[in-house]
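A.B. asks: A single structure is presented below for examination.
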Amino acid sequence: MIRTASFITCSITLFVSLILPVLVLTVFALKNKKQGIISAWLLGAAGFFVTQILVRIPILNFLSTQSWFLTFSQTHLFLYSLSLAFTAGLFELAGRFAVAKAIQKKLTYRRALATGLGHGGIEAMILIGMTYVNNLTYMIMIQSGTFETVIAQTAAMGVDVSQLYAIQDALLSTSPALFLLAGFERLLTMVSHAAMSMIVCYGVHTGNTWKGLLLCLGIHTCLDLTAGISLILPQTAAYIIIYTILTAAAVVSLLIMKKIHTNWQKEVSYDPEK
């Protein structure tokens with residue numbers, strides 16, 4: 001049976017990754033009416049969706065079918081992890097830059113922040129939110145006994161049910177704390193995404209485009225590279241290091257956004273809409 005704590009922690013992560021981004025957008029847009037917040041959020045979301053979901057991930061899926069790429073991933077673990085981290089940062093950077101240029105003539109601090117909220121928000125909704133919708137659905141089915149019925153019916157049709165058993169075993173054996181950590185990780189990541197988008201937007205705004213682009217790419221690559229720690233250290237030690245880094249990055253991101261806000265406000269202090 002599924003533990004009650006697992007239902008609770010899954011629900012919290014689902015809220016953080018699927019509902020919270022929409023709530024934040026709603027509140028932010030209502031507090032800043034007629035300032036293009038929603039359109040900026042949607043552009044930021046599109047910047048992630050196009051570069052990652054429509055371009056990079058399909059490329060990776062294709063490469064994963066190639067024997068040379070599988071060999072590379074197994075024999076050169078660090079280079080493989082670095083290439084994944086770098087390309088994720090590079091592709092998403094292209095999206096951030098395209099968005100910043102698209103709204104450059106009407107670029108304000110609030111619109112810049114909205115693009116970052118859209119970028120991080122849609123990533124959370126697609127990659128984590130939808131996964132946890134499935135998790136909770138499966139958990140309810142397992143608890144009610146209908147999942148076993150589905151397995152039996154699928155097996156009767158001659159279809160391999162090993163993946164269904166794997167899902168069931170994972171949901172039954174996974175610690176509730178791990179479900180919660182996924183939500184915590186996503187919250188920290190959304191903060192960092194907001195800061196990275198603002199760095200790019202501020203670079204475009206001030207004419208220091210390359211400085212902003214390189215800084216964003218470096219931060220993104222380093223943060224994504226932390227995932228590789230779990231491949232070389234025991235789970236507990238890896239998680240402690242990874243989440244310490246992500247928490248520190250989120251705190252630094254908040255400080256960066258505060259600094260950008262202060263500088264931006266100094267430039268446009270005469271205009272309350274900025």
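Residue numbering restarts at 1 in every chain; chains get A, B, ... in the order shown in the structure tokens, and ligands count up from 1 in that same order.
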Hey, which bits of region 129-194 of chain A sit within 12 Å of region 97-115 of chain A, and for each residue what's the closest pair of atoms and how far apart in Å (one decimal), counting only C-alpha atoms, rows by chain and increasing number, as JSON lines?

C.D. replies:
```
{"residue": "A:Met190", "atom": "CA", "partner": "A:Leu113", "partner_atom": "CA", "distance": 11.4}
{"residue": "A:Val191", "atom": "CA", "partner": "A:Leu113", "partner_atom": "CA", "distance": 10.3}
{"residue": "A:Ser192", "atom": "CA", "partner": "A:Leu113", "partner_atom": "CA", "distance": 11.4}
{"residue": "A:His193", "atom": "CA", "partner": "A:Thr115", "partner_atom": "CA", "distance": 9.4}
{"residue": "A:Ala194", "atom": "CA", "partner": "A:Leu113", "partner_atom": "CA", "distance": 6.1}
```

A.B. asks: Could you name the residues that touch region 161-167 of chain A at 9 Å or less, counting only C-alpha atoms, but leaving out those on the same chain fewer than 2 positions away, as a list in words?

C.D. replies: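 Neighbouring residues, sequence-local ones excluded: Asn135, Tyr138, Phe147, Val150, Ile151, Ala152, Thr154, Ala155, Gly158, Val159, Asp169, Ala170, Leu171 and Leu172 of chain A.
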
A.B. asks: Which region 37-146 of chain A residues have any atom within 10 Å of an atom of region 16-26 of chain A, and for each, what is the nearest pair of atoms with distance in Å to one decimal, counting only C-alpha atoms, rows sorted by chain and number, as a Markdown table?

C.D. replies:
```
| residue | atom | partner | partner_atom | distance |
| --- | --- | --- | --- | --- |
| A:Ile37 | CA | A:Leu25 | CA | 8.0 |
| A:Ile38 | CA | A:Leu25 | CA | 7.3 |
| A:Trp41 | CA | A:Leu25 | CA | 7.6 |
| A:Ala114 | CA | A:Leu25 | CA | 7.8 |
| A:Leu117 | CA | A:Pro21 | CA | 7.4 |
| A:Gly118 | CA | A:Pro21 | CA | 7.9 |
| A:Gly120 | CA | A:Pro21 | CA | 8.4 |
| A:Gly121 | CA | A:Pro21 | CA | 5.1 |
| A:Ile122 | CA | A:Pro21 | CA | 7.8 |
| A:Glu123 | CA | A:Ser17 | CA | 8.6 |
| A:Ala124 | CA | A:Ser17 | CA | 4.9 |
| A:Met125 | CA | A:Leu18 | CA | 4.7 |
| A:Ile126 | CA | A:Leu18 | CA | 8.1 |
| A:Leu127 | CA | A:Ser17 | CA | 8.7 |
| A:Ile128 | CA | A:Ser17 | CA | 6.1 |
| A:Gly129 | CA | A:Leu18 | CA | 4.6 |
| A:Met130 | CA | A:Leu18 | CA | 7.5 |
| A:Thr131 | CA | A:Ser17 | CA | 9.8 |
| A:Tyr132 | CA | A:Ser17 | CA | 8.7 |
| A:Val133 | CA | A:Leu18 | CA | 8.9 |
```

A.B. asks: Write out the residues from the selection above, keeping C-alpha atoms, as a PDB file, in the first residue's frame.

C.D. replies:
```pdb
ATOM      1  CA  ILE A  37       3.429  40.739 -17.799  1.00  0.00           C
ATOM      2  CA  ILE A  38       1.388  37.894 -19.272  1.00  0.00           C
ATOM      3  CA  TRP A  41       5.655  35.277 -19.298  1.00  0.00           C
ATOM      4  CA  ALA A 114       8.172  37.800 -16.074  1.00  0.00           C
ATOM      5  CA  LEU A 117       9.149  33.252 -14.334  1.00  0.00           C
ATOM      6  CA  GLY A 118       7.745  31.931 -17.604  1.00  0.00           C
ATOM      7  CA  GLY A 120      11.280  28.391 -15.111  1.00  0.00           C
ATOM      8  CA  GLY A 121       7.544  27.987 -14.652  1.00  0.00           C
ATOM      9  CA  ILE A 122       6.850  26.129 -17.876  1.00  0.00           C
ATOM     10  CA  GLU A 123       9.855  23.865 -17.292  1.00  0.00           C
ATOM     11  CA  ALA A 124       8.507  22.956 -13.855  1.00  0.00           C
ATOM     12  CA  MET A 125       5.021  22.359 -15.232  1.00  0.00           C
ATOM     13  CA  ILE A 126       6.138  20.154 -18.116  1.00  0.00           C
ATOM     14  CA  LEU A 127       9.015  18.182 -16.597  1.00  0.00           C
ATOM     15  CA  ILE A 128       7.872  17.817 -12.984  1.00  0.00           C
ATOM     16  CA  GLY A 129       4.221  18.852 -12.792  1.00  0.00           C
ATOM     17  CA  MET A 130       2.953  16.436 -15.428  1.00  0.00           C
ATOM     18  CA  THR A 131       5.145  13.658 -14.007  1.00  0.00           C
ATOM     19  CA  TYR A 132       3.573  14.114 -10.595  1.00  0.00           C
ATOM     20  CA  VAL A 133       0.081  14.153 -12.064  1.00  0.00           C
TER      21      VAL A 133
END
```
